[in-house]
>>> print(open('entry.cif').read())   # mmCIF, C-alpha atoms
data_query
#
loop_
_atom_site.label_atom_id
_atom_site.label_comp_id
_atom_site.auth_asym_id
_atom_site.auth_seq_id
_atom_site.Cartn_x
_atom_site.Cartn_y
_atom_site.Cartn_z
CA MET A 17 2.99 48.72 181.82
CA ASN A 18 5.43 48.77 184.75
CA PHE A 19 9.15 48.34 184.00
CA ASN A 20 11.34 46.76 186.69
CA ILE A 21 14.89 45.45 187.10
CA LYS A 22 13.94 41.98 185.87
CA ASP A 23 12.51 43.53 182.72
CA TYR A 24 15.73 45.50 182.30
CA LYS A 25 17.80 42.32 182.45
CA ARG A 26 15.51 40.63 179.93
CA PHE A 27 15.90 43.42 177.39
CA GLU A 28 19.33 44.82 178.30
CA LYS A 29 20.98 43.76 175.02
CA GLN A 30 18.65 46.07 173.10
CA ILE A 31 18.41 48.73 175.82
CA ILE A 32 22.17 49.33 175.55
CA LEU A 33 21.69 50.32 171.92
CA LYS A 34 21.86 54.13 171.80
CA LYS A 35 18.88 54.34 169.47
CA ILE A 36 16.69 52.40 171.92
CA GLY A 37 17.63 52.85 175.57
CA ILE A 38 15.11 52.66 178.41
CA ALA A 39 12.88 55.27 176.77
CA GLY A 40 12.67 53.19 173.61
CA GLN A 41 11.99 50.01 175.55
CA LYS A 42 9.11 51.72 177.31
CA ARG A 43 7.71 52.75 173.92
CA LEU A 44 7.79 49.10 172.88
CA LEU A 45 6.05 48.03 176.09
CA ASN A 46 3.30 50.61 175.49
CA ALA A 47 2.80 49.80 171.80
CA LYS A 48 -0.24 48.08 170.31
CA VAL A 49 0.29 45.99 167.19
CA LEU A 50 -2.20 43.82 165.31
CA ILE A 51 -1.15 40.84 163.19
CA ILE A 52 -3.64 39.57 160.62
CA GLY A 53 -2.82 35.98 159.72
CA ILE A 54 -0.68 33.64 161.83
CA GLY A 55 0.88 31.73 158.97
CA GLY A 56 4.36 31.63 157.51
CA LEU A 57 4.75 35.40 157.93
CA GLY A 58 2.82 35.84 161.16
CA CYS A 59 4.74 33.21 163.14
CA PRO A 60 8.21 34.83 162.97
CA LEU A 61 6.66 38.29 163.13
CA LEU A 62 4.78 37.49 166.33
CA THR A 63 7.80 35.77 167.88
CA TYR A 64 10.15 38.71 167.35
CA LEU A 65 7.62 41.31 168.50
CA ALA A 66 7.03 39.37 171.71
CA ALA A 67 10.73 38.73 172.29
CA SER A 68 11.42 42.45 171.81
CA GLY A 69 8.81 43.42 174.42
CA VAL A 70 5.92 44.84 172.42
CA GLY A 71 3.31 45.16 175.16
CA THR A 72 0.01 44.50 173.39
CA ILE A 73 -0.26 42.22 170.37
CA GLY A 74 -3.48 41.24 168.67
CA ILE A 75 -3.68 38.22 166.37
CA ILE A 76 -6.47 37.45 163.92
CA ASP A 77 -6.88 34.07 162.24
CA HIS A 78 -9.82 31.68 161.90
CA ASP A 79 -7.88 28.67 160.61
CA LYS A 80 -6.74 25.49 162.32
CA VAL A 81 -3.22 24.08 162.03
CA GLU A 82 -2.77 21.63 159.16
CA ILE A 83 0.13 19.29 158.50
CA SER A 84 1.04 21.23 155.35
CA ASN A 85 1.63 24.35 157.50
CA LEU A 86 4.49 22.84 159.46
CA ASN A 87 7.29 23.40 156.94
CA ARG A 88 7.13 27.18 157.43
CA GLN A 89 4.81 28.08 160.35
CA ILE A 90 7.46 27.75 163.01
CA LEU A 91 5.27 28.25 166.08
CA PHE A 92 3.46 24.97 165.46
CA ASN A 93 4.30 21.27 165.59
CA SER A 94 2.53 17.95 165.02
CA ASN A 95 0.69 18.20 168.37
CA ASP A 96 -1.02 21.38 167.18
CA ILE A 97 -2.66 19.86 164.10
CA GLY A 98 -6.44 20.36 164.14
CA LYS A 99 -6.25 23.12 166.78
CA TYR A 100 -6.94 26.80 166.22
CA LYS A 101 -3.80 28.74 165.31
CA VAL A 102 -4.59 31.74 167.52
CA ASN A 103 -5.04 29.56 170.60
CA GLN A 104 -1.80 27.65 170.06
CA ALA A 105 0.14 30.78 169.19
CA LYS A 106 -1.03 32.54 172.35
CA LYS A 107 -0.02 29.58 174.54
CA LYS A 108 3.50 29.52 173.13
CA ILE A 109 4.11 33.26 172.92
CA SER A 110 2.83 33.83 176.47
CA LYS A 111 5.79 31.78 177.69
CA ILE A 112 8.26 34.27 176.19
CA PHE A 113 7.22 37.24 178.34
CA LYS A 114 4.22 36.95 180.66
CA LYS A 115 3.59 40.70 180.81
CA ILE A 116 2.64 40.82 177.15
CA LYS A 117 -1.08 41.09 176.48
CA ILE A 118 -2.02 38.72 173.65
CA LYS A 119 -5.48 39.41 172.31
CA ILE A 120 -6.81 36.70 170.01
CA PHE A 121 -9.60 36.99 167.47
CA LYS A 122 -10.76 33.65 166.07
CA LYS A 123 -12.45 35.33 163.14
CA LYS A 124 -12.21 35.89 159.43
CA ILE A 125 -11.80 39.60 158.80
CA THR A 126 -14.70 41.10 156.83
CA SER A 127 -16.10 44.51 155.90
CA LYS A 128 -18.59 44.10 158.77
CA ASN A 129 -16.09 43.44 161.58
CA ILE A 130 -12.92 45.20 160.42
CA LYS A 131 -13.64 48.43 162.30
CA LEU A 132 -14.20 46.62 165.59
CA LEU A 133 -11.10 44.44 165.16
CA LEU A 134 -8.64 47.16 164.07
CA LYS A 135 -9.76 50.30 165.87
CA ASN A 136 -7.66 49.85 169.05
CA PHE A 137 -4.34 49.14 167.32
CA GLU A 138 -1.79 51.65 166.05
CA ILE A 139 0.15 49.44 163.63
CA ILE A 140 -1.48 46.84 161.40
CA CYS A 141 0.52 43.93 159.97
CA ASP A 142 -0.99 42.16 156.99
CA GLY A 143 0.14 38.57 156.48
CA THR A 144 -2.93 37.36 154.60
CA ASP A 145 -2.81 35.31 151.43
CA ASN A 146 -5.63 36.67 149.27
CA TYR A 147 -6.19 39.92 147.40
CA THR A 148 -9.73 40.54 148.63
CA THR A 149 -8.56 40.76 152.25
CA ARG A 150 -5.49 42.82 151.36
CA TYR A 151 -7.65 45.41 149.60
CA LEU A 152 -10.06 45.49 152.55
CA ILE A 153 -7.23 46.06 155.06
CA ASN A 154 -5.56 48.65 152.84
CA ASP A 155 -8.76 50.66 152.40
CA TYR A 156 -9.59 50.66 156.11
CA CYS A 157 -6.05 51.68 157.11
CA LYS A 158 -5.99 54.42 154.48
CA LYS A 159 -9.33 55.84 155.60
CA ASN A 160 -8.46 55.70 159.31
CA LYS A 161 -4.83 56.84 159.01
CA LYS A 162 -3.26 53.66 160.38
CA ILE A 163 0.27 52.44 159.70
CA LEU A 164 0.16 49.34 157.50
CA ILE A 165 3.12 46.97 157.19
CA SER A 166 2.35 44.22 154.71
CA ALA A 167 4.24 41.25 153.31
CA ALA A 168 3.55 38.56 150.73
CA ILE A 169 5.39 35.38 149.75
CA SER A 170 5.23 33.03 146.78
CA LYS A 171 7.62 30.37 145.48
CA PHE A 172 11.16 31.73 146.03
CA ASP A 173 10.21 35.42 146.34
CA GLY A 174 8.89 37.85 148.92
CA HIS A 175 7.46 41.38 148.89
CA LEU A 176 7.36 43.91 151.74
CA TYR A 177 5.43 47.19 151.88
CA LYS A 178 5.09 49.95 154.44
CA PHE A 179 2.37 52.58 154.20
CA ASN A 180 2.24 55.35 156.79
CA PHE A 181 -1.26 56.62 156.19
CA LYS A 182 -0.78 59.30 158.83
CA LYS A 183 1.05 61.07 156.01
CA LYS A 184 0.14 61.67 152.38
CA GLY A 185 1.26 58.91 150.04
CA PRO A 186 0.16 56.12 147.68
CA CYS A 187 -1.65 52.99 148.82
CA TYR A 188 -1.72 49.33 147.80
CA ARG A 189 -4.43 50.05 145.23
CA CYS A 190 -2.16 52.61 143.55
CA PHE A 191 0.27 49.78 142.90
CA MET A 192 -2.35 47.14 142.07
CA PRO A 193 -5.63 48.86 141.10
CA GLU A 194 -7.32 45.68 139.92
CA MET A 195 -7.41 42.24 141.46
CA PRO A 196 -5.27 39.76 139.50
CA THR A 197 -7.03 36.77 138.01
CA HIS A 198 -4.53 34.42 139.70
CA GLU A 199 -4.11 34.28 143.47
CA ASN A 200 -0.42 34.18 144.40
CA ASN A 201 -0.29 32.14 147.58
CA CYS A 202 1.49 29.19 149.13
CA GLN A 203 -1.34 26.77 148.49
CA ALA A 204 -1.48 27.51 144.76
CA ASP A 205 2.17 28.21 143.95
CA GLY A 206 4.23 26.60 146.71
CA ILE A 207 6.77 28.28 148.97
CA PHE A 208 10.45 27.93 149.84
CA SER A 209 10.15 27.94 153.64
CA PRO A 210 13.07 30.29 154.51
CA VAL A 211 11.37 33.05 152.48
CA ALA A 212 8.53 33.11 155.02
CA GLY A 213 10.97 33.47 157.90
CA ILE A 214 12.92 36.24 156.18
CA MET A 215 9.89 38.30 155.18
CA GLY A 216 8.17 37.86 158.56
CA SER A 217 11.38 38.99 160.27
CA LEU A 218 11.56 42.02 157.97
CA GLN A 219 7.99 42.90 158.92
CA ALA A 220 9.02 42.75 162.59
CA ASN A 221 12.03 44.94 161.81
CA GLU A 222 9.80 47.62 160.29
CA VAL A 223 7.28 47.43 163.15
CA LEU A 224 9.98 47.93 165.78
CA LYS A 225 11.60 50.77 163.81
CA THR A 226 8.21 52.46 163.54
CA ILE A 227 7.53 52.21 167.28
CA LEU A 228 11.01 53.52 168.06
CA ASN A 229 10.74 56.38 165.55
CA LEU A 230 13.78 55.13 163.67
CA ARG A 231 14.09 56.37 160.12
CA SER A 232 12.73 54.00 157.49
CA ASN A 233 13.75 54.17 153.85
CA ILE A 234 10.95 51.92 152.62
CA ASN A 235 7.99 54.25 153.19
CA ASN A 236 6.03 54.10 149.93
CA TYR A 237 8.44 51.55 148.49
CA MET A 238 8.06 47.86 147.76
CA VAL A 239 10.99 45.67 148.79
CA ILE A 240 11.40 42.61 146.58
CA PHE A 241 13.44 39.68 147.85
CA ASP A 242 14.76 36.98 145.51
CA SER A 243 15.94 34.03 147.60
CA ILE A 244 17.67 32.30 144.68
CA LYS A 245 19.93 35.28 143.97
CA THR A 246 19.90 36.44 147.63
CA ASN A 247 19.04 39.84 146.26
CA PHE A 248 16.94 42.75 147.57
CA ARG A 249 15.48 45.42 145.30
CA ASN A 250 13.51 48.56 146.27
CA VAL A 251 10.81 49.77 143.89
CA LYS A 252 9.21 53.17 144.44
CA LEU A 253 5.41 53.15 144.55
CA SER A 254 3.81 56.07 142.72
CA TYR A 255 0.40 57.68 142.97
CA ASN A 256 -2.25 56.30 140.66
CA PRO A 257 -4.44 59.25 139.60
CA ASN A 258 -7.35 56.84 139.16
CA CYS A 259 -7.03 55.22 142.61
CA ILE A 260 -10.45 54.86 144.23
CA ASN A 261 -8.92 56.04 147.54
CA LYS A 262 -8.00 59.36 145.89
CA CYS A 263 -4.44 59.16 147.19
CA SER A 264 -3.09 61.88 144.88
CA LYS A 265 -5.60 64.53 146.03
#
>>> encode(input="entry.cif", output="structure tokens")
Amino acid sequence: MNFNIKDYKRFEKQIILKKIGIAGQKRLLNAKVLIIGIGGLGCPLLTYLAASGVGTIGIIDHDKVEISNLNRQILFNSNDIGKYKVNQAKKKISKIFKKIKIKIFKKKITSKNIKLLLKNFEIICDGTDNYTTRYLINDYCKKNKKILISAAISKFDGHLYKFNFKKKGPCYRCFMPEMPTHENNCQADGIFSPVAGIMGSLQANEVLKTILNLRSNINNYMVIFDSIKTNFRNVKLSYNPNCINKCSK
């Protein structure tokens, strides 16, 4: 992607940061990031990636906007109800920076299409709300040595994970080897809307740091956010010797 004086003016407030500069901005413009799920997490994540100048962003979601989404899915409003999320998100994000390539996939991710959908992206962001899909994304990223940045929200809490599968380390199944009997999601448990914004923004923070090769201290850690106490806690994720992905070998 070409970088001109107008682009410099757009991004100058981050270009003047010594850890970014023009070289870093060019890395952002050349990056390819995929977001799975344009919900409470995906909306702020997508907005900050676009505003920061990430050049190619893919978005996967097969749902339409519902009125119950509007308290936390900040890209949408009442006029979007009944319309596909990916279409509405692309329209709004394209207005931020026209040079960004937004690739939309109006699909539900499955074991049959995951390879086709994920193969051209370097960094995968999981913002889905069910364990079956999280396991599927984790296993594909582990096998194909992708970088996976995942977040989850429920009630007043949020979780953030980063797995760099280009290097040896545990995976999501090491932490949660079996699917829980209860799905923790907004529909079942409710959600305090600022938690979605905070965790989606933290996902964006980790994506940008990864592209810029800035040191991350959450590789193979889970970050837990408690919005009531305004408290963050880091929990180290260990190898599970019985993990079906054989992470410890």
>>> closest_residue(input="entry.cif", among="A:Asn87, A:Thr149, A:Ser264, A:Thr144", to="Ile130 of chain A", atoms="only C-alpha atoms")
A:Thr149
>>> closest_residue(input="entry.cif", among="A:Ile52, A:Ile163, A:Leu224, A:Leu33", to="Asp142 of chain A", atoms="all atoms listed in the file")
A:Ile52
>>> resolve_selection(input="entry.cif", expression="the PyMOL selection byres ((chain A and resi 154-157) around 10)", output="mmCIF file with C-alpha atoms, in the frame of the given file")
data_model
loop_
_atom_site.group_PDB
_atom_site.id
_atom_site.type_symbol
_atom_site.label_atom_id
_atom_site.label_comp_id
_atom_site.auth_asym_id
_atom_site.auth_seq_id
_atom_site.Cartn_x
_atom_site.Cartn_y
_atom_site.Cartn_z
ATOM 1 C CA SER A 127 -16.100 44.510 155.900
ATOM 2 C CA ILE A 130 -12.920 45.200 160.420
ATOM 3 C CA LYS A 131 -13.640 48.430 162.300
ATOM 4 C CA LEU A 134 -8.640 47.160 164.070
ATOM 5 C CA LYS A 135 -9.760 50.300 165.870
ATOM 6 C CA GLU A 138 -1.790 51.650 166.050
ATOM 7 C CA ILE A 139 0.150 49.440 163.630
ATOM 8 C CA ILE A 140 -1.480 46.840 161.400
ATOM 9 C CA ASP A 142 -0.990 42.160 156.990
ATOM 10 C CA THR A 149 -8.560 40.760 152.250
ATOM 11 C CA ARG A 150 -5.490 42.820 151.360
ATOM 12 C CA TYR A 151 -7.650 45.410 149.600
ATOM 13 C CA LEU A 152 -10.060 45.490 152.550
ATOM 14 C CA ILE A 153 -7.230 46.060 155.060
ATOM 15 C CA LYS A 158 -5.990 54.420 154.480
ATOM 16 C CA LYS A 159 -9.330 55.840 155.600
ATOM 17 C CA ASN A 160 -8.460 55.700 159.310
ATOM 18 C CA LYS A 161 -4.830 56.840 159.010
ATOM 19 C CA LYS A 162 -3.260 53.660 160.380
ATOM 20 C CA ILE A 163 0.270 52.440 159.700
ATOM 21 C CA LEU A 164 0.160 49.340 157.500
ATOM 22 C CA ILE A 165 3.120 46.970 157.190
ATOM 23 C CA SER A 166 2.350 44.220 154.710
ATOM 24 C CA PHE A 179 2.370 52.580 154.200
ATOM 25 C CA ASN A 180 2.240 55.350 156.790
ATOM 26 C CA PHE A 181 -1.260 56.620 156.190
ATOM 27 C CA LYS A 182 -0.780 59.300 158.830
ATOM 28 C CA CYS A 187 -1.650 52.990 148.820
ATOM 29 C CA TYR A 188 -1.720 49.330 147.800
ATOM 30 C CA ARG A 189 -4.430 50.050 145.230
ATOM 31 C CA ILE A 260 -10.450 54.860 144.230
ATOM 32 C CA ASN A 261 -8.920 56.040 147.540
#
>>> residues_near_point(input="entry.cif", point="(15.0, 30.5, 146.0)", cutoff="7 Å", atoms="only C-alpha atoms", output="ChimeraX atom specification")
/A:172-173,208,242-244
>>> atom_distance(input="entry.cif", atom1="atom CA of Lys114 of chain A", atom2="atom CA of Leu230 of chain A")
26.7 Å
>>> resolve_selection(input="entry.cif", expression="the PyMOL selection byres ((chain A and resi 47-49) around 6)", output="list in words")
Leu44, Leu45, Asn46, Leu50, Val70, Gly71, Thr72, Ile73, Phe137, Glu138 and Ile139 of chain A
>>> atom_distance(input="entry.cif", atom1="atom CA of Ser254 of chain A", atom2="atom CA of Leu57 of chain A")
25.7 Å
